[in-house]
$ cat upload-v9.csv   # CSV, C-alpha atoms
chain,number,residue,atom,x,y,z
A,1,MET,CA,27.5,-36.8,136.2
A,2,THR,CA,29.5,-33.6,135.7
A,3,LEU,CA,31.6,-33.0,132.6
A,4,ILE,CA,34.8,-33.2,134.6
A,5,ARG,CA,33.8,-36.7,136.0
A,6,LYS,CA,33.0,-37.9,132.6
A,7,SER,CA,36.3,-36.7,131.3
A,8,LYS,CA,38.2,-38.5,134.1
A,9,LEU,CA,36.2,-41.7,133.6
A,10,LEU,CA,37.0,-41.6,129.8
A,11,ASN,CA,40.6,-41.0,130.6
A,12,TRP,CA,40.7,-43.9,133.1
A,13,CYS,CA,39.0,-46.2,130.5
A,14,PHE,CA,41.5,-45.2,127.9
A,15,HIS,CA,44.6,-46.0,130.1
A,16,ALA,CA,43.0,-49.2,131.4
A,17,LYS,CA,42.5,-50.3,127.8
A,18,LYS,CA,46.1,-49.5,127.0
A,19,GLN,CA,47.3,-51.5,130.0
A,20,PHE,CA,45.1,-54.4,129.1
A,21,ILE,CA,46.6,-54.5,125.6
A,22,VAL,CA,50.1,-54.4,127.0
A,23,LEU,CA,49.4,-57.1,129.5
A,24,PHE,CA,47.8,-59.3,126.8
A,25,SER,CA,50.7,-58.8,124.5
A,26,LEU,CA,53.1,-59.8,127.3
A,27,LYS,CA,51.1,-62.8,128.1
A,28,LYS,CA,51.1,-63.8,124.4
A,29,VAL,CA,54.9,-63.4,124.3
A,30,VAL,CA,55.4,-65.5,127.4
A,31,ILE,CA,53.1,-68.3,126.1
A,32,MET,CA,55.0,-68.3,122.8
A,33,MET,CA,58.4,-68.5,124.6
A,34,LEU,CA,57.2,-71.3,126.9
A,35,LEU,CA,55.7,-73.3,124.0
A,36,ASP,CA,58.9,-72.9,121.9
A,37,LYS,CA,61.2,-73.9,124.8
A,38,TYR,CA,59.1,-77.0,125.6
A,39,PHE,CA,58.9,-78.2,122.0
A,40,ARG,CA,62.7,-77.6,121.6
A,41,TYR,CA,63.4,-79.5,124.8
A,42,ARG,CA,61.4,-82.5,123.6
A,43,ARG,CA,62.9,-82.5,120.1
A,44,VAL,CA,66.4,-82.4,121.5
A,45,LYS,CA,65.8,-85.0,124.1
A,46,VAL,CA,64.4,-87.5,121.5
A,47,ALA,CA,67.2,-86.6,119.0
A,48,LEU,CA,70.0,-87.2,121.5
A,49,LYS,CA,68.5,-90.7,122.4
A,50,ASN,CA,69.2,-91.6,118.8
A,51,ARG,CA,72.7,-90.2,118.5
A,52,PRO,CA,75.7,-92.5,117.7
A,53,LYS,CA,77.3,-93.9,120.9
A,54,ILE,CA,80.6,-92.4,119.9
A,55,MET,CA,80.8,-89.0,118.4
A,56,ASP,CA,83.8,-86.8,117.8
A,57,ASN,CA,82.5,-84.2,115.4
A,58,VAL,CA,78.9,-83.0,115.2
A,59,PHE,CA,77.0,-80.5,113.0
A,60,ASP,CA,73.6,-78.8,113.7
A,61,ILE,CA,71.6,-77.4,110.8
A,62,GLY,CA,69.5,-74.6,112.1
A,63,CYS,CA,71.5,-74.3,115.3
A,64,ASP,CA,69.7,-71.1,116.5
A,65,ASP,CA,71.2,-70.1,119.8
A,66,GLY,CA,73.5,-73.2,120.1
A,67,TYR,CA,71.2,-75.0,122.6
A,68,LEU,CA,71.8,-78.5,121.1
A,69,LEU,CA,75.5,-77.9,120.5
A,70,ARG,CA,76.1,-76.8,124.1
A,71,LYS,CA,74.7,-80.1,125.3
A,72,LEU,CA,77.3,-81.9,123.3
A,73,ILE,CA,80.4,-80.0,124.4
A,74,HIS,CA,81.5,-82.5,127.0
A,75,ILE,CA,81.0,-85.6,124.9
A,76,THR,CA,82.3,-84.4,121.5
A,77,LYS,CA,85.5,-82.9,120.2
A,78,ARG,CA,84.0,-80.4,117.7
A,79,GLN,CA,80.6,-78.7,117.5
A,80,ASP,CA,79.7,-76.9,114.3
A,81,GLY,CA,76.5,-75.4,113.1
A,82,ILE,CA,74.7,-73.1,110.7
A,83,ASP,CA,71.7,-70.8,110.8
A,84,PRO,CA,70.6,-67.9,108.7
A,85,CYS,CA,69.4,-65.9,111.7
A,86,THR,CA,72.1,-66.7,114.3
A,87,ASN,CA,74.7,-64.2,115.6
A,88,ILE,CA,76.1,-66.3,118.4
A,89,SER,CA,79.8,-67.0,119.1
A,90,PRO,CA,81.3,-70.5,118.8
A,91,VAL,CA,80.1,-72.7,121.7
A,92,SER,CA,83.6,-73.9,122.5
A,93,ASN,CA,87.2,-73.5,121.4
A,94,HIS,CA,86.6,-76.2,118.8
A,95,SER,CA,83.4,-74.9,117.2
A,96,GLU,CA,82.4,-72.9,114.1
A,97,ILE,CA,79.0,-71.3,113.8
A,98,LYS,CA,78.1,-70.0,110.3
A,99,ASN,CA,75.5,-67.4,109.6
A,100,GLY,CA,74.0,-68.5,106.3
A,101,PHE,CA,71.7,-70.9,104.5
A,102,PHE,CA,72.2,-74.6,104.3
A,103,PRO,CA,73.6,-76.1,102.1
A,104,LEU,CA,74.7,-73.0,100.1
A,105,ALA,CA,77.0,-71.7,102.8
A,106,ILE,CA,78.8,-75.1,103.3
A,107,LYS,CA,82.4,-75.0,102.3
A,108,ASP,CA,84.5,-77.8,100.6
A,109,TYR,CA,86.5,-78.4,103.8
A,110,GLN,CA,83.3,-79.3,105.6
A,111,MET,CA,82.5,-82.0,103.1
A,112,GLN,CA,85.3,-84.3,104.0
A,113,ALA,CA,83.3,-87.1,105.7
A,114,SER,CA,84.2,-85.8,109.1
A,115,TYR,CA,80.9,-85.5,111.0
A,116,ASP,CA,79.7,-88.4,113.1
A,117,ALA,CA,76.3,-86.9,113.5
A,118,ILE,CA,74.3,-84.2,111.7
A,119,PHE,CA,71.2,-82.8,113.4
A,120,ALA,CA,68.3,-81.1,111.6
A,121,LEU,CA,65.6,-80.5,114.1
A,122,ALA,CA,62.4,-78.7,112.9
A,123,VAL,CA,64.3,-77.5,109.8
A,124,PHE,CA,63.4,-79.3,106.6
A,125,GLU,CA,59.7,-78.4,106.7
A,126,HIS,CA,61.0,-74.9,105.7
A,127,PHE,CA,62.9,-76.2,102.7
A,128,SER,CA,61.7,-76.6,99.1
A,129,GLU,CA,62.0,-80.1,97.6
A,130,SER,CA,64.9,-78.8,95.5
A,131,ASP,CA,66.7,-77.6,98.6
A,132,ILE,CA,66.2,-81.0,100.3
A,133,ARG,CA,67.5,-82.8,97.2
A,134,GLN,CA,70.7,-80.7,97.3
A,135,SER,CA,71.0,-81.0,101.0
A,136,ALA,CA,70.9,-84.8,100.8
A,137,SER,CA,73.9,-84.8,98.4
A,138,VAL,CA,75.9,-82.4,100.6
A,139,ILE,CA,75.1,-84.2,103.9
A,140,ASN,CA,76.2,-87.5,102.3
A,141,ARG,CA,79.6,-85.9,101.7
A,142,MET,CA,79.7,-84.4,105.3
A,143,LEU,CA,79.0,-87.6,107.2
A,144,SER,CA,81.7,-90.0,108.3
A,145,PRO,CA,81.3,-93.7,107.5
A,146,LYS,CA,78.3,-95.0,109.6
A,147,GLY,CA,77.7,-91.4,110.5
A,148,ARG,CA,74.0,-90.5,111.4
A,149,LEU,CA,71.6,-87.8,110.1
A,150,ILE,CA,69.0,-87.1,112.7
A,151,ILE,CA,65.9,-85.2,111.6
A,152,THR,CA,62.7,-84.1,113.4
A,153,ILE,CA,59.7,-83.0,111.3
A,154,PRO,CA,56.2,-82.1,112.5
A,155,HIS,CA,53.2,-84.0,111.4
A,156,PRO,CA,51.1,-82.1,108.7
A,157,PHE,CA,48.3,-81.9,111.2
A,158,VAL,CA,50.4,-79.5,113.3
A,159,ASP,CA,49.7,-76.8,110.6
A,160,LYS,CA,46.0,-77.0,111.6
A,161,ILE,CA,46.9,-76.6,115.3
A,162,LEU,CA,49.0,-73.6,114.4
A,163,ASP,CA,46.1,-72.1,112.5
A,164,VAL,CA,44.0,-72.4,115.7
A,165,LEU,CA,46.7,-70.8,117.8
A,166,ILE,CA,47.0,-67.9,115.3
A,167,SER,CA,43.2,-67.4,115.4
A,168,LEU,CA,43.4,-67.1,119.2
A,169,HIS,CA,46.3,-64.6,118.8
A,170,LEU,CA,48.6,-66.9,120.9
A,171,ILE,CA,51.3,-67.1,118.2
A,172,GLU,CA,52.3,-65.0,115.3
A,173,GLY,CA,51.7,-66.2,111.7
A,174,MET,CA,55.1,-65.1,110.5
A,175,LYS,CA,57.1,-67.8,108.7
A,176,LEU,CA,54.4,-70.4,109.2
A,177,ASP,CA,53.6,-70.4,105.5
A,178,GLU,CA,57.1,-71.8,105.0
A,179,HIS,CA,55.8,-75.2,106.2
A,180,HIS,CA,53.8,-75.3,102.9
A,181,GLY,CA,52.0,-78.5,104.0
A,182,PHE,CA,55.2,-80.4,104.2
A,183,ASP,CA,54.9,-84.2,103.7
A,184,PRO,CA,57.5,-86.0,105.8
A,185,ASP,CA,57.7,-88.9,103.3
A,186,VAL,CA,59.6,-86.6,101.0
A,187,LEU,CA,62.6,-87.1,103.2
A,188,ILE,CA,62.7,-90.8,102.5
A,189,THR,CA,62.4,-90.1,98.8
A,190,TYR,CA,65.5,-87.9,98.6
A,191,PHE,CA,67.7,-89.1,101.4
A,192,SER,CA,67.4,-92.8,100.5
A,193,ASP,CA,69.5,-92.2,97.4
A,194,PHE,CA,72.5,-91.6,99.7
A,195,LEU,CA,71.6,-92.8,103.2
A,196,ARG,CA,69.9,-95.8,104.8
A,197,LEU,CA,66.8,-95.2,106.9
A,198,VAL,CA,67.3,-97.0,110.3
A,199,LYS,CA,64.5,-95.5,112.3
A,200,ARG,CA,61.2,-93.6,111.9
A,201,GLU,CA,59.0,-92.9,114.8
A,202,ARG,CA,56.4,-90.4,116.0
A,203,PHE,CA,56.6,-88.7,119.4
A,204,GLN,CA,54.7,-85.9,121.2
A,205,PHE,CA,51.4,-87.7,120.8
A,206,GLY,CA,52.1,-88.4,117.2
A,207,LEU,CA,52.5,-84.7,116.3
A,208,ASN,CA,56.2,-85.0,115.6
A,209,ASN,CA,58.4,-87.4,113.6
A,210,ILE,CA,62.0,-88.5,114.0
A,211,PHE,CA,64.0,-89.9,111.1
A,212,VAL,CA,67.4,-91.5,111.6
A,213,PHE,CA,69.5,-92.1,108.5
A,214,GLU,CA,73.0,-93.7,108.3
A,215,ARG,CA,75.5,-93.3,105.6
A,216,LEU,CA,75.7,-96.3,103.3
$ encode --input "upload-v9.csv" --output "structure tokens"
Amino acid sequence: MTLIRKSKLLNWCFHAKKQFIVLFSLKKVVIMMLLDKYFRYRRVKVALKNRPKIMDNVFDIGCDDGYLLRKLIHITKRQDGIDPCTNISPVSNHSEIKNGFFPLAIKDYQMQASYDAIFALAVFEHFSESDIRQSASVINRMLSPKGRLIITIPHPFVDKILDVLISLHLIEGMKLDEHHGFDPDVLITYFSDFLRLVKRERFQFGLNNIFVFERL
């Protein structure tokens, strides 16, 4: 093989490797997006099955892009939310979306027992126990009489699944350490001081938990 042919072959191999890396990265991104959308769809579907029959005002902790709140526009009068990473506009003319951390960014006027449902889907596993204790007190002041707090929390075994997906380079490890081996029973410990647990179930093959609390 001549030197020129060797050079062309090496050049082709180099570009083929680059294209493979790009395609693999794109595949990984697509898989992550599909998994995330599927899990969010399932969480929201289960959460909405446990909502109060009549809701005027709702609040979403960790509202992200407003996916849940948009589903409630036509059956509620007000849709508010908070998320430290969001930059979306209000989802309706009667909506307020805050960029900030719960509960620190909650204002006094939002703690007037006006929300019929507060959602926290895949949120509290990222909180410290101190933050959860403070959140319980604030949520109690935000909920209307008989208002509901609806929470989803992954089973601790999910952390092991995530470790496998990370090792296969299918998802990134960023922020997964925030789960810190979260024990779902912690929610009962802190929220039961203010709210009554009316339901606890597993879904998604037992890998997820839903907790439904009502104001006392």
$ atom_distance --input "upload-v9.csv" --atom1 "atom CA of Arg148 of chain A" --atom2 "atom CA of Gly66 of chain A"
19.4 Å
$ atom_distance --input "upload-v9.csv" --atom1 "atom CA of Val123 of chain A" --atom2 "atom CA of Leu68 of chain A"
13.6 Å
$ residues_around --input "upload-v9.csv" --residues "segment 81-95 of chain A" --least-positions-apart "6" --cutoff "9 Å" --atoms "only C-alpha atoms" --output "number ranges by chain"
A: 58-66, 69-70, 73, 101-102, 105-106
$ atom_distance --input "upload-v9.csv" --atom1 "atom CA of Glu201 of chain A" --atom2 "atom CA of Ile54 of chain A"
22.2 Å
$ closest_residue --input "upload-v9.csv" --among "A:Leu35, A:Asp80, A:Phe191, A:Arg42" --to "Gln204 of chain A" --atoms "all atoms listed in the file"
A:Arg42
$ closest_residue --input "upload-v9.csv" --among "A:Ile97, A:Met55, A:Ile188, A:Leu48" --to "Lys77 of chain A" --atoms "all atoms listed in the file"
A:Met55
$ residues_near_point --input "upload-v9.csv" --point "(57.3, -86.2, 111.3)" --cutoff "6 Å" --atoms "only C-alpha atoms" --output "PyMOL selection string"
chain A and resi 153-155+184+208-210
$ closest_residue --input "upload-v9.csv" --among "A:Tyr109, A:Phe119, A:Phe127, A:Phe39" --to "Phe213 of chain A" --atoms "all atoms listed in the file"
A:Phe119
$ closest_residue --input "upload-v9.csv" --among "A:Val46, A:Ala120, A:Leu216, A:Ile139" --to "Phe203 of chain A" --atoms "all atoms listed in the file"
A:Val46
